[in-house]
Every structure is written in C-alpha cells, then in structure tokens.
file data-v1.txt (compact mmCIF, C-alpha atoms)
# COMPACT_ATOMS: atom_id res chain seq x y z
CA MET A 8 72.27 107.33 117.08
CA THR A 9 74.05 103.99 117.19
CA LEU A 10 72.18 100.92 116.03
CA PHE A 11 72.83 97.71 117.91
CA GLN A 12 74.67 95.27 115.66
CA PRO A 13 74.32 91.52 116.29
CA PRO A 14 77.53 89.70 117.18
CA VAL A 15 79.58 88.50 114.23
CA ALA A 16 79.30 84.95 115.54
CA LEU A 17 75.53 85.11 115.10
CA GLY A 18 75.85 84.38 111.39
CA VAL A 19 78.13 81.42 112.03
CA ILE A 20 75.85 79.93 114.68
CA THR A 21 72.77 80.57 112.53
CA GLN A 22 74.36 78.78 109.58
CA ARG A 23 75.33 75.88 111.82
CA ALA A 24 71.72 75.61 113.06
CA VAL A 25 70.41 75.65 109.48
CA ASP A 26 73.01 73.04 108.48
CA ASN A 27 71.83 70.86 111.38
CA LEU A 28 68.29 70.71 109.96
CA THR A 29 67.27 67.28 108.73
CA ILE A 30 64.78 68.01 105.97
CA PRO A 31 63.13 64.92 104.52
CA ARG A 32 62.55 64.31 100.87
CA PRO A 33 58.86 64.03 100.00
CA VAL A 34 57.51 60.49 100.35
CA ILE A 35 55.18 60.22 97.37
CA ALA A 36 51.82 58.52 97.64
CA ALA A 37 49.24 58.25 94.87
CA ASN A 38 46.03 56.67 93.75
CA PRO A 39 46.15 54.78 91.51
CA SER A 40 49.42 53.54 92.96
CA LEU A 41 52.44 54.65 90.95
CA THR A 42 53.76 51.09 91.01
CA THR A 43 50.95 50.17 88.62
CA THR A 44 50.32 51.41 85.10
CA GLN A 45 48.48 54.73 84.88
CA PHE A 46 45.89 55.38 82.21
CA VAL A 47 45.23 58.47 80.13
CA HIS A 48 42.08 60.36 81.09
CA VAL A 49 41.95 58.74 84.55
CA PRO A 50 42.70 61.22 87.36
CA VAL A 51 45.60 60.40 89.65
CA TRP A 52 45.68 61.76 93.20
CA TRP A 53 49.08 62.87 94.52
CA TRP A 54 50.00 63.52 98.12
CA VAL A 55 53.00 63.17 100.38
CA GLN A 56 53.03 61.03 103.50
CA PRO A 57 52.38 63.08 106.67
CA GLY A 58 55.78 62.25 108.19
CA SER A 59 57.51 64.06 105.34
CA TRP A 60 55.35 67.18 105.74
CA GLN A 61 56.13 68.47 109.22
CA THR A 62 58.12 71.43 110.51
CA GLN A 63 61.69 70.45 111.27
CA THR A 64 63.83 72.15 113.94
CA ALA A 65 67.51 72.16 114.87
CA ARG A 66 69.73 74.12 117.24
CA ALA A 67 73.31 75.28 117.43
CA SER A 68 75.10 76.95 120.33
CA ALA A 69 78.37 78.76 120.98
CA GLY A 70 79.53 81.23 123.58
CA GLY A 71 76.25 81.15 125.49
CA LEU A 72 74.16 81.92 122.37
CA THR A 73 71.70 79.30 121.09
CA ILE A 74 69.98 79.64 117.74
CA GLU A 75 67.00 77.52 116.72
CA ALA A 76 66.37 77.04 113.02
CA LYS A 77 62.99 75.92 111.67
CA ALA A 78 62.10 74.61 108.23
CA ALA A 79 58.37 74.63 107.50
CA PRO A 80 56.98 72.98 104.36
CA ARG A 81 55.20 75.57 102.19
CA LYS A 82 54.38 73.96 98.86
CA ILE A 83 55.06 71.01 96.68
CA THR A 84 55.51 71.26 92.94
CA TRP A 85 54.72 68.13 90.96
CA TYR A 86 56.35 67.78 87.56
CA ALA A 87 54.25 65.12 85.84
CA GLY A 88 56.85 64.12 83.26
CA ASP A 89 54.55 64.92 80.35
CA GLY A 90 55.54 68.60 80.27
CA SER A 91 52.96 69.77 82.80
CA SER A 92 53.31 70.73 86.45
CA VAL A 93 51.01 71.32 89.40
CA VAL A 94 51.76 73.48 92.46
CA CYS A 95 50.02 72.42 95.66
CA ASN A 96 50.04 74.61 98.78
CA GLY A 97 50.03 71.65 101.11
CA PRO A 98 50.72 67.93 101.17
CA GLY A 99 47.72 66.94 99.03
CA THR A 100 44.67 64.94 100.03
CA PRO A 101 45.04 61.18 100.56
CA TRP A 102 42.54 59.17 98.55
CA THR A 103 40.19 56.95 100.56
CA THR A 104 37.98 54.06 99.49
CA SER A 105 34.89 56.17 100.17
CA VAL A 106 35.78 58.34 97.15
CA ASN A 107 34.99 57.40 93.56
CA PRO A 108 38.34 56.34 92.05
CA LEU A 109 37.48 58.23 88.85
CA SER A 110 37.05 61.58 90.62
CA ALA A 111 39.80 64.20 90.62
CA SER A 112 41.67 65.11 93.80
CA PRO A 113 40.24 68.21 95.49
CA THR A 114 43.74 69.52 96.22
CA CYS A 115 46.51 67.90 94.24
CA GLY A 116 46.49 65.62 91.25
CA HIS A 117 46.77 65.28 87.51
CA THR A 118 45.12 63.63 84.54
CA TYR A 119 47.52 62.39 81.89
CA THR A 120 46.35 63.05 78.34
CA LYS A 121 49.08 61.18 76.49
CA THR A 122 50.93 57.95 77.00
CA SER A 123 54.54 57.61 78.05
CA ALA A 124 55.27 55.19 75.19
CA ASP A 125 57.45 57.69 73.27
CA SER A 126 59.39 58.81 76.36
CA PRO A 127 62.82 57.41 77.23
CA GLY A 128 62.34 53.97 78.75
CA GLY A 129 58.62 54.19 78.00
CA THR A 130 58.00 56.07 81.25
CA PHE A 131 57.49 59.59 82.50
CA THR A 132 59.62 60.80 85.42
CA LEU A 133 57.31 62.21 88.08
CA ARG A 134 59.22 64.68 90.24
CA ALA A 135 57.93 66.04 93.55
CA VAL A 136 59.78 69.14 94.77
CA ALA A 137 58.97 70.31 98.31
CA THR A 138 59.80 73.92 99.20
CA TRP A 139 60.68 74.65 102.83
CA ASP A 140 60.67 78.14 104.36
CA VAL A 141 63.59 78.55 106.78
CA SER A 142 63.59 80.89 109.79
CA TRP A 143 65.69 81.20 112.89
CA SER A 144 65.62 82.84 116.31
CA GLY A 145 67.65 83.12 119.48
CA GLY A 146 69.45 85.56 121.73
CA GLY A 147 66.88 88.25 120.98
CA PHE A 148 67.47 87.98 117.22
CA SER A 149 65.46 86.39 114.43
CA GLY A 150 65.47 86.19 110.68
CA THR A 151 64.93 84.10 107.60
CA GLU A 152 67.21 82.19 105.27
CA PRO A 153 66.68 81.23 101.62
CA ALA A 154 64.12 78.48 101.07
CA ILE A 155 65.38 74.91 100.79
CA THR A 156 63.98 72.34 98.37
CA THR A 157 63.98 68.56 98.57
CA THR A 158 63.09 66.29 95.67
CA THR A 159 61.87 62.76 95.02
CA THR A 160 61.39 61.16 91.60
CA VAL A 161 59.63 58.04 90.43
CA ASN A 162 59.11 56.58 86.96
CA VAL A 163 55.51 56.26 85.85
CA THR A 164 54.16 54.21 82.97
CA VAL A 165 51.11 55.76 81.31
CA THR A 166 49.13 53.89 78.69
CA GLU A 167 45.65 53.98 77.25
CA GLN A 168 42.82 51.53 77.37
CA ARG A 169 41.03 50.94 74.17
CA ALA A 170 37.49 49.79 74.04
CA VAL A 171 36.53 47.03 71.68
CA VAL A 172 33.01 47.14 70.36
CA VAL A 173 31.56 43.74 69.57
CA ARG A 174 28.36 43.40 67.60

call {"tool": "encode", "arguments": {"input": "data-v1.txt", "output": "structure tokens"}}
result
Amino acid sequence: MTLFQPPVALGVITQRAVDNLTIPRPVIAANPSLTTTQFVHVPVWWWVQPGSWQTQTARASAGGLTIEAKAAPRKITWYAGDGSSVVCNGPGTPWTTSVNPLSASPTCGHTYTKTSADSPGGTFTLRAVATWDVSWSGGGFSGTEPAITTTTTVNVTVTEQRAVVVR
C-alpha cells in the first residue's frame, strides 16, 4: 500500500503563509490605568484591547497551490513584575463604571501585595505574553505549526497608602 505524500513544495508554501501572518502584540488595558500609580491591596483589572485579540489569516501560493495560515489567540500570560503570574484563557474583562472599582476582575487581574520601591527604577515591569495557535490548510492538506507568542511590557509603579489616625 502506497501512502500519498504531499508535494515537497507544500512545506515551503506553508512556511511562507505562516511568515505572512501579521500577529499583533497585545494592547494592554487596565483599571486602574497603568499610567497612574497602583496601590497594594487594590485589585487591578487586566485585559487586552479587542483589536489585538482576533484570529489573523494570511495566504501564500505557488504552482497552483494556495495555503491559508491562521493564528488564533489562545491565552495571555501576565507577569506582574512582583514575581507572580496569571494565565488567562481569553482577553480579560474590560472594567466598566458600573462595577465597584475595588472589586476583583472576574477573569483576569491581580492584587499587588508589595510595593515596587525596591525594584530597579522603582517600578515593576508588567509583561503580557499572548500565545497564538497556528494552523494551515489548502490543496486538500491541513496541519498545525508551533504556537507563536507576542509580548508587550509596561512599567508599573506600585505604592501603598497609609492611613493617618487623628484623635
């Protein structure tokens, strides 16, 4: 019995289709905004903007064979900068004004428990790493390729508020 082997060019065209993918880096959004100082023991909501969390497609053709590659976002791993990380199986939930700002995100967030004062530059580096599953199809063939990751970082200042009791 002879198994049908795909044409040798299939691998070349598939790689070209994968190389043609334009995979965006995560566009980080948060509440409280990461451009302001964060406070210990106050939950921060993390999410990525919808435009950076959509399936991307690209094609490549040669010799009458067209391959379409797709990259679908699967998860985002948030490295808080304080030694902790959170894995979210989606883009996160955007905070809205109808939600108590002191409540934790239902899907993706973090509560800092120490300040960034002793970190280099007095800030933590928040890193968002999106993982994209890559698949392809065309000419009666299909398959998968290794996942691709894209990363965005932002510096975050975390401090604490101290209450003063006056008698």

call {"tool": "residues_around", "arguments": {"input": "data-v1.txt", "residues": "segment 155-165 of chain A", "least_positions_apart": "5", "cutoff": "6 Å", "atoms": "only C-alpha atoms", "output": "MDAnalysis selection string"}}
result
chainID A and resid 32:33 44:46 122:123 130:139

call {"tool": "atom_distance", "arguments": {"input": "data-v1.txt", "atom1": "atom CA of Trp52 of chain A", "atom2": "atom CA of Pro39 of chain A"}}
result
7.2 Å

call {"tool": "atom_distance", "arguments": {"input": "data-v1.txt", "atom1": "atom CA of Gln56 of chain A", "atom2": "atom CA of Val34 of chain A"}}
result
5.5 Å

call {"tool": "atom_distance", "arguments": {"input": "data-v1.txt", "atom1": "atom CA of Pro98 of chain A", "atom2": "atom CA of Pro80 of chain A"}}
result
8.7 Å

call {"tool": "closest_residue", "arguments": {"input": "data-v1.txt", "among": "A:Cys95, A:Cys115, A:Leu109, A:Val47", "to": "Arg169 of chain A", "atoms": "all atoms listed in the file"}}
result
A:Val47

call {"tool": "residues_around", "arguments": {"input": "data-v1.txt", "residues": "segment 71-77 of chain A", "least_positions_apart": "6", "cutoff": "12 Å", "atoms": "all atoms listed in the file", "output": "ChimeraX atom specification"}}
result
/A:13-30,61-65,139-155

call {"tool": "residues_near_point", "arguments": {"input": "data-v1.txt", "point": "(42.9, 62.5, 96.4)", "cutoff": "10 Å", "atoms": "only C-alpha atoms", "output": "count of residues only"}}
result
24

call {"tool": "decode", "arguments": {"input": "data-v1.txt", "residues": "segment 68-91 of chain A", "atoms": "N, CA, C and O atoms", "output": "mmCIF file, in the first residue's frame"}}
result
data_model
loop_
_atom_site.group_PDB
_atom_site.id
_atom_site.type_symbol
_atom_site.label_atom_id
_atom_site.label_comp_id
_atom_site.auth_asym_id
_atom_site.auth_seq_id
_atom_site.Cartn_x
_atom_site.Cartn_y
_atom_site.Cartn_z
ATOM 1 N N SER A 68 0.823 31.349 -2.226
ATOM 2 C CA SER A 68 0.523 30.488 -3.374
ATOM 3 C C SER A 68 1.773 30.251 -4.207
ATOM 4 O O SER A 68 2.654 31.105 -4.288
ATOM 5 N N ALA A 69 1.796 29.088 -4.845
ATOM 6 C CA ALA A 69 2.842 28.750 -5.820
ATOM 7 C C ALA A 69 2.386 27.526 -6.586
ATOM 8 O O ALA A 69 1.798 26.603 -6.005
ATOM 9 N N GLY A 70 2.618 27.534 -7.866
ATOM 10 C CA GLY A 70 2.308 26.364 -8.694
ATOM 11 C C GLY A 70 0.877 25.904 -8.617
ATOM 12 O O GLY A 70 0.603 24.706 -8.668
ATOM 13 N N GLY A 71 -0.069 26.815 -8.460
ATOM 14 C CA GLY A 71 -1.476 26.439 -8.387
ATOM 15 C C GLY A 71 -1.938 25.985 -7.009
ATOM 16 O O GLY A 71 -3.099 25.650 -6.829
ATOM 17 N N LEU A 72 -1.053 25.966 -6.026
ATOM 18 C CA LEU A 72 -1.413 25.561 -4.660
ATOM 19 C C LEU A 72 -1.450 26.797 -3.771
ATOM 20 O O LEU A 72 -0.497 27.572 -3.745
ATOM 21 N N THR A 73 -2.564 26.990 -3.068
ATOM 22 C CA THR A 73 -2.709 28.106 -2.128
ATOM 23 C C THR A 73 -2.893 27.541 -0.732
ATOM 24 O O THR A 73 -3.726 26.658 -0.514
ATOM 25 N N ILE A 74 -2.108 28.056 0.185
ATOM 26 C CA ILE A 74 -2.207 27.660 1.595
ATOM 27 C C ILE A 74 -2.653 28.870 2.390
ATOM 28 O O ILE A 74 -2.131 29.977 2.208
ATOM 29 N N GLU A 75 -3.634 28.655 3.274
ATOM 30 C CA GLU A 75 -4.068 29.704 4.187
ATOM 31 C C GLU A 75 -3.606 29.338 5.590
ATOM 32 O O GLU A 75 -3.871 28.233 6.069
ATOM 33 N N ALA A 76 -2.920 30.256 6.213
ATOM 34 C CA ALA A 76 -2.479 30.079 7.605
ATOM 35 C C ALA A 76 -3.376 30.923 8.498
ATOM 36 O O ALA A 76 -3.802 32.022 8.115
ATOM 37 N N LYS A 77 -3.662 30.393 9.683
ATOM 38 C CA LYS A 77 -4.476 31.109 10.673
ATOM 39 C C LYS A 77 -3.743 31.090 12.007
ATOM 40 O O LYS A 77 -3.201 30.059 12.406
ATOM 41 N N ALA A 78 -3.769 32.222 12.673
ATOM 42 C CA ALA A 78 -3.247 32.322 14.038
ATOM 43 C C ALA A 78 -4.408 32.767 14.925
ATOM 44 O O ALA A 78 -4.975 33.841 14.718
ATOM 45 N N ALA A 79 -4.775 31.925 15.876
ATOM 46 C CA ALA A 79 -5.896 32.218 16.767
ATOM 47 C C ALA A 79 -5.364 32.430 18.184
ATOM 48 O O ALA A 79 -4.618 31.597 18.703
ATOM 49 N N PRO A 80 -5.730 33.547 18.823
ATOM 50 C CA PRO A 80 -5.247 33.772 20.189
ATOM 51 C C PRO A 80 -5.852 32.745 21.142
ATOM 52 O O PRO A 80 -7.053 32.464 21.081
ATOM 53 N N ARG A 81 -5.002 32.128 21.979
ATOM 54 C CA ARG A 81 -5.470 31.096 22.910
ATOM 55 C C ARG A 81 -5.453 31.562 24.355
ATOM 56 O O ARG A 81 -6.384 31.325 25.109
ATOM 57 N N LYS A 82 -4.353 32.188 24.762
ATOM 58 C CA LYS A 82 -4.247 32.610 26.162
ATOM 59 C C LYS A 82 -3.310 33.790 26.249
ATOM 60 O O LYS A 82 -2.571 34.091 25.318
ATOM 61 N N ILE A 83 -3.386 34.446 27.368
ATOM 62 C CA ILE A 83 -2.439 35.514 27.651
ATOM 63 C C ILE A 83 -1.892 35.283 29.053
ATOM 64 O O ILE A 83 -2.646 35.005 29.985
ATOM 65 N N THR A 84 -0.586 35.338 29.160
ATOM 66 C CA THR A 84 0.067 35.173 30.458
ATOM 67 C C THR A 84 0.579 36.537 30.879
ATOM 68 O O THR A 84 1.311 37.198 30.145
ATOM 69 N N TRP A 85 0.161 36.944 32.061
ATOM 70 C CA TRP A 85 0.551 38.233 32.621
ATOM 71 C C TRP A 85 1.603 37.985 33.687
ATOM 72 O O TRP A 85 1.341 37.275 34.661
ATOM 73 N N TYR A 86 2.763 38.570 33.500
ATOM 74 C CA TYR A 86 3.829 38.526 34.502
ATOM 75 C C TYR A 86 3.807 39.876 35.208
ATOM 76 O O TYR A 86 4.138 40.908 34.605
ATOM 77 N N ALA A 87 3.387 39.871 36.475
ATOM 78 C CA ALA A 87 3.089 41.105 37.191
ATOM 79 C C ALA A 87 4.319 41.947 37.516
ATOM 80 O O ALA A 87 4.194 43.136 37.793
ATOM 81 N N GLY A 88 5.484 41.335 37.508
ATOM 82 C CA GLY A 88 6.700 42.081 37.852
ATOM 83 C C GLY A 88 7.091 41.926 39.300
ATOM 84 O O GLY A 88 8.198 42.280 39.692
ATOM 85 N N ASP A 89 6.190 41.386 40.100
ATOM 86 C CA ASP A 89 6.467 41.172 41.525
ATOM 87 C C ASP A 89 6.782 39.704 41.816
ATOM 88 O O ASP A 89 6.782 39.277 42.963
ATOM 89 N N GLY A 90 7.023 38.930 40.758
ATOM 90 C CA GLY A 90 7.316 37.510 40.921
ATOM 91 C C GLY A 90 6.115 36.612 40.689
ATOM 92 O O GLY A 90 6.253 35.392 40.666
ATOM 93 N N SER A 91 4.947 37.174 40.500
ATOM 94 C CA SER A 91 3.753 36.362 40.277
ATOM 95 C C SER A 91 3.325 36.453 38.812
ATOM 96 O O SER A 91 3.732 37.360 38.085
#
